[in-house]
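A.B. asks: One file: query-v8.cif (mmCIF, C-alpha atoms).
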```
data_data
loop_
_atom_site.group_PDB
_atom_site.id
_atom_site.type_symbol
_atom_site.label_atom_id
_atom_site.label_comp_id
_atom_site.auth_asym_id
_atom_site.auth_seq_id
_atom_site.Cartn_x
_atom_site.Cartn_y
_atom_site.Cartn_z
ATOM 1 C CA MET I 24 78.942 105.609 102.876
ATOM 2 C CA ASP I 25 80.782 108.304 104.792
ATOM 3 C CA GLN I 26 84.313 109.374 103.822
ATOM 4 C CA ALA I 27 86.097 107.693 106.767
ATOM 5 C CA VAL I 28 84.408 104.339 106.118
ATOM 6 C CA ARG I 29 85.128 104.602 102.377
ATOM 7 C CA LYS I 30 88.840 105.195 103.093
ATOM 8 C CA ALA I 31 88.928 102.230 105.472
ATOM 9 C CA VAL I 32 87.259 99.963 102.920
ATOM 10 C CA GLU I 33 89.712 101.044 100.209
ATOM 11 C CA SER I 34 92.664 100.353 102.522
ATOM 12 C CA LEU I 35 91.329 96.936 103.403
ATOM 13 C CA CYS I 36 90.973 96.152 99.705
ATOM 14 C CA ALA I 37 94.732 96.569 99.164
ATOM 15 C CA CYS I 38 95.377 94.187 102.052
ATOM 16 C CA ALA I 39 92.828 91.681 100.758
ATOM 17 C CA ALA I 40 94.212 91.910 97.216
ATOM 18 C CA LEU I 41 97.774 91.256 98.389
ATOM 19 C CA ARG I 42 96.681 88.344 100.562
ATOM 20 C CA SER I 43 94.617 86.848 97.745
ATOM 21 C CA ALA I 44 97.514 87.203 95.308
ATOM 22 C CA ALA I 45 99.878 85.617 97.828
ATOM 23 C CA ARG I 46 97.548 82.651 98.417
ATOM 24 C CA SER I 47 96.986 82.145 94.679
ATOM 25 C CA THR I 48 100.698 82.332 93.927
ATOM 26 C CA THR I 49 101.441 79.879 96.741
ATOM 27 C CA GLN I 50 98.861 77.481 95.269
ATOM 28 C CA LEU I 51 100.593 77.706 91.872
ATOM 29 C CA TYR I 52 103.998 76.962 93.387
ATOM 30 C CA ASP I 53 102.552 74.160 95.552
ATOM 31 C CA LEU I 54 101.043 72.546 92.458
ATOM 32 C CA VAL I 55 104.295 72.699 90.477
ATOM 33 C CA LEU I 56 106.385 71.600 93.493
ATOM 34 C CA GLN I 57 104.089 68.655 94.289
ATOM 35 C CA PRO I 58 106.368 65.991 92.719
ATOM 36 C CA SER I 59 109.206 67.152 94.995
ATOM 37 C CA GLY I 60 107.178 66.490 98.134
ATOM 38 C CA LEU I 61 107.652 70.067 99.356
ATOM 39 C CA LYS I 62 105.231 72.937 99.691
ATOM 40 C CA ALA I 63 106.246 76.440 98.626
ATOM 41 C CA THR I 64 106.568 77.574 102.251
ATOM 42 C CA GLN I 65 108.816 74.597 103.016
ATOM 43 C CA PHE I 66 110.966 75.230 99.954
ATOM 44 C CA THR I 67 111.473 78.885 100.823
ATOM 45 C CA ALA I 68 112.322 77.977 104.426
ATOM 46 C CA LEU I 69 114.872 75.384 103.319
ATOM 47 C CA ARG I 70 116.372 77.780 100.762
ATOM 48 C CA THR I 71 116.670 80.565 103.355
ATOM 49 C CA ILE I 72 118.308 78.259 105.891
ATOM 50 C CA ALA I 73 120.663 76.894 103.210
ATOM 51 C CA GLU I 74 121.717 80.416 102.223
ATOM 52 C CA ALA I 75 122.406 81.317 105.859
ATOM 53 C CA GLY I 76 124.099 78.033 106.774
ATOM 54 C CA GLU I 77 122.578 78.418 110.236
ATOM 55 C CA ILE I 78 119.932 80.871 111.351
ATOM 56 C CA ALA I 79 118.229 81.770 114.604
ATOM 57 C CA GLN I 80 114.463 81.385 114.599
ATOM 58 C CA TRP I 81 113.849 85.006 115.645
ATOM 59 C CA LYS I 82 116.114 86.271 112.845
ATOM 60 C CA PHE I 83 114.411 84.090 110.239
ATOM 61 C CA ALA I 84 111.020 85.344 111.448
ATOM 62 C CA ARG I 85 112.084 88.984 111.300
ATOM 63 C CA GLU I 86 113.785 88.770 107.906
ATOM 64 C CA ASN I 87 110.856 86.915 106.346
ATOM 65 C CA ALA I 88 108.009 88.794 108.059
ATOM 66 C CA ILE I 89 106.635 85.621 109.663
ATOM 67 C CA ALA I 90 105.169 85.406 113.149
ATOM 68 C CA VAL I 91 107.423 83.368 115.445
ATOM 69 C CA GLU I 92 104.464 81.136 116.357
ATOM 70 C CA THR I 93 103.765 80.368 112.681
ATOM 71 C CA LEU I 94 107.432 79.694 112.117
ATOM 72 C CA SER I 95 107.534 77.326 115.100
ATOM 73 C CA ARG I 96 104.799 75.201 113.515
ATOM 74 C CA ARG I 97 106.525 75.300 110.117
ATOM 75 C CA PHE I 98 109.894 74.343 111.578
ATOM 76 C CA THR I 99 108.355 71.558 113.672
ATOM 77 C CA ALA I 100 106.995 69.983 110.482
ATOM 78 C CA LEU I 101 110.386 70.287 108.776
ATOM 79 C CA ARG I 102 112.129 68.724 111.800
ATOM 80 C CA LYS I 103 109.650 65.813 111.825
ATOM 81 C CA LYS I 104 110.459 65.196 108.140
ATOM 82 C CA GLY I 105 114.154 65.172 109.039
ATOM 83 C CA LEU I 106 114.907 68.160 106.784
ATOM 84 C CA ILE I 107 116.254 70.535 109.443
ATOM 85 C CA SER I 108 117.883 70.204 112.822
ATOM 86 C CA SER I 109 118.054 72.653 115.672
ATOM 87 C CA ARG I 110 120.300 73.449 118.549
ATOM 88 C CA VAL I 111 120.029 75.821 121.461
ATOM 89 C CA GLY I 112 122.004 79.017 120.962
ATOM 90 C CA GLY I 113 123.781 81.060 123.568
ATOM 91 C CA ASN I 114 121.280 83.926 123.694
ATOM 92 C CA HIS I 115 118.534 82.991 126.196
ATOM 93 C CA GLY I 116 117.927 79.557 124.714
ATOM 94 C CA GLU I 117 117.309 80.778 121.163
ATOM 95 C CA ARG I 118 116.781 78.044 118.581
ATOM 96 C CA ILE I 119 119.335 77.838 115.773
ATOM 97 C CA TYR I 120 118.380 75.882 112.629
ATOM 98 C CA ARG I 121 120.372 74.257 109.859
ATOM 99 C CA LEU I 122 119.646 71.832 107.043
ATOM 100 C CA THR I 123 120.268 68.143 107.494
ATOM 101 C CA GLU I 124 121.781 66.124 104.635
ATOM 102 C CA GLN I 125 118.235 64.950 103.871
ATOM 103 C CA GLY I 126 117.124 68.599 103.806
ATOM 104 C CA LYS I 127 119.909 69.526 101.378
ATOM 105 C CA GLU I 128 118.897 66.649 99.104
ATOM 106 C CA ALA I 129 115.207 67.612 99.254
ATOM 107 C CA LEU I 130 116.052 71.218 98.412
ATOM 108 C CA ASN I 131 118.245 70.179 95.463
ATOM 109 C CA ARG I 132 115.519 67.864 94.115
ATOM 110 C CA ALA I 133 112.945 70.654 94.365
ATOM 111 C CA ILE I 134 114.964 73.392 92.625
ATOM 112 C CA PRO I 135 113.986 72.431 89.047
ATOM 113 C CA TYR I 136 110.297 72.451 90.030
ATOM 114 C CA TRP I 137 110.722 75.831 91.736
ATOM 115 C CA GLU I 138 112.384 77.233 88.649
ATOM 116 C CA ARG I 139 109.516 75.878 86.527
ATOM 117 C CA ALA I 140 106.979 77.625 88.792
ATOM 118 C CA GLN I 141 108.993 80.856 88.601
ATOM 119 C CA GLU I 142 109.071 80.669 84.799
ATOM 120 C CA ARG I 143 105.361 79.863 84.584
ATOM 121 C CA LEU I 144 104.509 82.935 86.642
ATOM 122 C CA ARG I 145 106.929 85.103 84.629
ATOM 123 C CA GLN I 146 105.366 83.910 81.356
ATOM 124 C CA THR I 147 101.873 84.657 82.648
ATOM 125 C CA LEU I 148 102.726 88.123 83.954
ATOM 126 C CA GLY I 149 105.459 89.141 81.530
ATOM 127 C CA THR I 150 108.972 90.088 82.550
ATOM 128 C CA ALA I 151 108.293 93.787 83.193
ATOM 129 C CA GLU I 152 105.199 93.010 85.283
ATOM 130 C CA MET I 153 107.041 90.313 87.245
ATOM 131 C CA ASP I 154 109.857 92.757 87.998
ATOM 132 C CA ALA I 155 107.309 95.411 89.022
ATOM 133 C CA LEU I 156 105.503 92.890 91.228
ATOM 134 C CA LEU I 157 108.714 91.949 93.000
ATOM 135 C CA LYS I 158 109.555 95.625 93.549
ATOM 136 C CA ILE I 159 106.072 96.351 94.906
ATOM 137 C CA CYS I 160 106.347 93.397 97.285
ATOM 138 C CA GLU I 161 109.734 94.596 98.536
ATOM 139 C CA ASP I 162 108.299 98.083 99.026
ATOM 140 C CA ALA I 163 105.284 96.707 100.922
ATOM 141 C CA VAL I 164 107.543 94.733 103.266
ATOM 142 C CA GLU I 165 109.709 97.806 103.853
ATOM 143 C CA ALA I 166 106.634 99.953 104.540
ATOM 144 C CA ALA I 167 105.423 97.421 107.100
ATOM 145 C CA ARG I 168 108.859 97.355 108.768
ATOM 146 C CA GLN I 169 108.901 101.150 108.943
ATOM 147 C CA ALA I 170 105.413 101.153 110.447
ATOM 148 C CA GLU I 171 106.538 98.627 113.062
ATOM 149 C CA GLN I 172 109.550 100.803 113.917
ATOM 150 C CA LEU I 173 107.252 103.807 114.307
ATOM 151 C CA ARG I 174 104.913 101.786 116.511
ATOM 152 C CA ALA I 175 107.806 100.724 118.690
ATOM 153 C CA SER I 176 109.157 104.271 118.972
ATOM 154 C CA ASN I 177 105.662 105.631 119.680
ATOM 155 C CA ALA I 178 105.383 103.274 122.620
ATOM 156 C CA SER I 179 108.597 104.583 124.126
ATOM 157 C CA GLY I 180 108.501 108.301 123.496
ATOM 158 C CA PRO I 181 107.151 111.262 121.578
ATOM 159 C CA HIS I 182 105.624 110.683 118.162
ATOM 160 C CA PRO I 183 108.135 111.227 115.355
ATOM 161 C CA PRO I 184 106.816 112.772 112.168
ATOM 162 C CA MET I 185 105.662 110.338 109.499
ATOM 163 C CA PRO I 186 107.941 110.262 106.451
ATOM 164 C CA PRO I 187 106.307 111.592 103.297
ATOM 165 C CA ALA I 188 104.710 108.984 101.046
ATOM 166 C CA GLN I 189 106.843 108.164 98.043
ATOM 167 C CA PRO I 190 105.071 107.886 94.680
ATOM 168 C CA PHE I 191 105.272 104.562 92.894
ATOM 169 C CA GLN I 192 107.681 104.392 89.989
ATOM 170 C CA SER I 193 107.589 101.376 87.681
ATOM 171 C CA PRO I 194 110.974 99.802 87.067
ATOM 172 C CA GLY I 195 112.615 101.323 84.012
ATOM 173 C CA THR I 196 110.603 104.541 84.018
ATOM 174 C CA GLU I 197 112.263 107.899 84.337
ATOM 175 C CA GLN I 198 109.372 109.876 85.797
ATOM 176 C CA SER I 199 107.327 109.117 88.885
ATOM 177 C CA VAL I 200 103.621 109.604 89.148
ATOM 178 C CA ALA I 201 102.868 112.843 91.018
ATOM 179 C CA ALA I 202 100.830 112.401 94.149
#
```
Spit out the file's structure as C-alpha cells when you get a sec.
C.D. replies:
Amino acid sequence: MDQAVRKAVESLCACAALRSAARSTTQLYDLVLQPSGLKATQFTALRTIAEAGEIAQWKFARENAIAVETLSRRFTALRKKGLISSRVGGNHGERIYRLTEQGKEALNRAIPYWERAQERLRQTLGTAEMDALLKICEDAVEAARQAEQLRASNASGPHPPMPPAQPFQSPGTEQSVAA
C-alpha cells in the first residue's frame, strides 16, 4: 500500500473509531433510559433546550454539531410527542424551541436513568479515563469547528496558515507528549 493511501486509511480509522464509540455509547444510554420513554438523543435535546430556556434551531445545531436537517427530524418527533413547542422568531422565520410542561416532566423523570447510565460508563472506564474521553471529545469538536472556519475563510480569500498541531496531554499530567 502506498504512503498516501496508508495515511488516508489511518485517518479514516480515527473517524470510524469515534463513530463506533458514539453509537455504542448511545446504545448503552438508550438501554438505561428505556423505562423513561426517551432515547439518549431526545434526552440531550430536552436538556439543552431546558438549559437555554428557548433556543433557535440553527443555534442548537451549531452548538451541538448536528446537521440542521437531522435536527429538524429530531425536533419534529419531540413536537409530535408534545415535549417541545416552537414559534417563529424574528430573524427570517427562524424556529425557536422551548420545552412544554410535558417535556419538563419527561426530562425530570429521565434524569435518574441518565445519571445511572453516566455512572455505569464511568465505572466501566474509570474516572481518569472518563475525564480523558470527555476532554478528547471536546478537543475533536473544537478541531472540527476550526476546520470549518478555515474552510469558510478559504472560500472567501487567501489561505491562512494552518495552526500547529497541539500534542495530546492527558488530564492531570504535567508533560505533553512530544510530536
A.B. asks: Please evaluate the PyMOL selection byres ((chain I and resi 67) around 12) against the structure above and give the resulting residues as a ChimeraX atom specification.
C.D. replies: /I:49,52-53,56,61-66,68-74,83,87,97-98,101,129-130,133-134,137
A.B. asks: For the residues selected in the previous step, produce a file with C-alpha atoms as a compact mmCIF listing (two decimals), keeping the file's coordinate frame.
C.D. replies:
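Ended up saving to out_35.txt:
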```txt
# COMPACT_ATOMS: atom_id res chain seq x y z
CA THR I 49 101.44 79.88 96.74
CA TYR I 52 104.00 76.96 93.39
CA ASP I 53 102.55 74.16 95.55
CA LEU I 56 106.38 71.60 93.49
CA LEU I 61 107.65 70.07 99.36
CA LYS I 62 105.23 72.94 99.69
CA ALA I 63 106.25 76.44 98.63
CA THR I 64 106.57 77.57 102.25
CA GLN I 65 108.82 74.60 103.02
CA PHE I 66 110.97 75.23 99.95
CA ALA I 68 112.32 77.98 104.43
CA LEU I 69 114.87 75.38 103.32
CA ARG I 70 116.37 77.78 100.76
CA THR I 71 116.67 80.56 103.36
CA ILE I 72 118.31 78.26 105.89
CA ALA I 73 120.66 76.89 103.21
CA GLU I 74 121.72 80.42 102.22
CA PHE I 83 114.41 84.09 110.24
CA ASN I 87 110.86 86.92 106.35
CA ARG I 97 106.52 75.30 110.12
CA PHE I 98 109.89 74.34 111.58
CA LEU I 101 110.39 70.29 108.78
CA ALA I 129 115.21 67.61 99.25
CA LEU I 130 116.05 71.22 98.41
CA ALA I 133 112.94 70.65 94.36
CA ILE I 134 114.96 73.39 92.62
CA TRP I 137 110.72 75.83 91.74
```
A.B. asks: Can you work out the spacing between CA of Val164 in chain I and CA of Asn114 in chain I in Å, to one decimal?
C.D. replies: 26.9 Å
A.B. asks: Please identify all polymer residues within 8 Å of Glu117 in chain I, counting all atoms listed in the file, omitting same-chain residues fewer than 2 positions from it, and present them as a PyMOL selection string.
C.D. replies: chain I and resi 79-81+111-115+119
A.B. asks: Between CA of Lys82 in chain I and CA of Cys160 in chain I, what is the distance in Å, rounded to a tenth?
C.D. replies: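 Going from CA of Lys82 in chain I over to CA of Cys160 in chain I, I get 19.7 Å.
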A.B. asks: Let me make sure I understand: among I:Leu122, I:Ala166, I:Leu173, I:Ala75, which one has the smallest atom-to-atom distance to Ala88 in chain I if we use all atoms listed in the file?
C.D. replies: I:Ala166
A.B. asks: Could you jot down the CA of Ala167 in chain I to CA of Glu152 in chain I separation for me, Å, one decimal place?
C.D. replies: 22.3 Å
A.B. asks: Quick one: of I:Arg118, I:Gly126, I:Thr48, I:Glu171, who's nearest to Arg102 in chain I, counting only C-alpha atoms?
C.D. replies: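 When distances to Arg102 in chain I are compared using only C-alpha atoms, the smallest one comes from I:Gly126.
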A.B. asks: Suppose a student applies the PyMOL selection byres ((chain I and resi 157) around 12) to this structure; what residues should they get, written as a count of residues only?
C.D. replies: 21
A.B. asks: Return as JSON the centre and edge lengths, in Å with one decimal, of the box along x, y and z that encloses every atom of range 105-122 of chain I in the file, padded by 3 Å per side.
C.D. replies:
```
{"center_x": 119.0, "center_y": 74.5, "center_z": 116.5, "size_x": 15.6, "size_y": 24.8, "size_z": 25.4}
```
A.B. asks: I need the residue nearest Tyr120 in chain I from this list: I:Thr99, I:Ser43, I:Ala37, I:Glu77. Use all atoms listed in the file for the distance.
C.D. replies: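 Residue with the minimum atom-to-atom distance to Tyr120 in chain I: I:Glu77.
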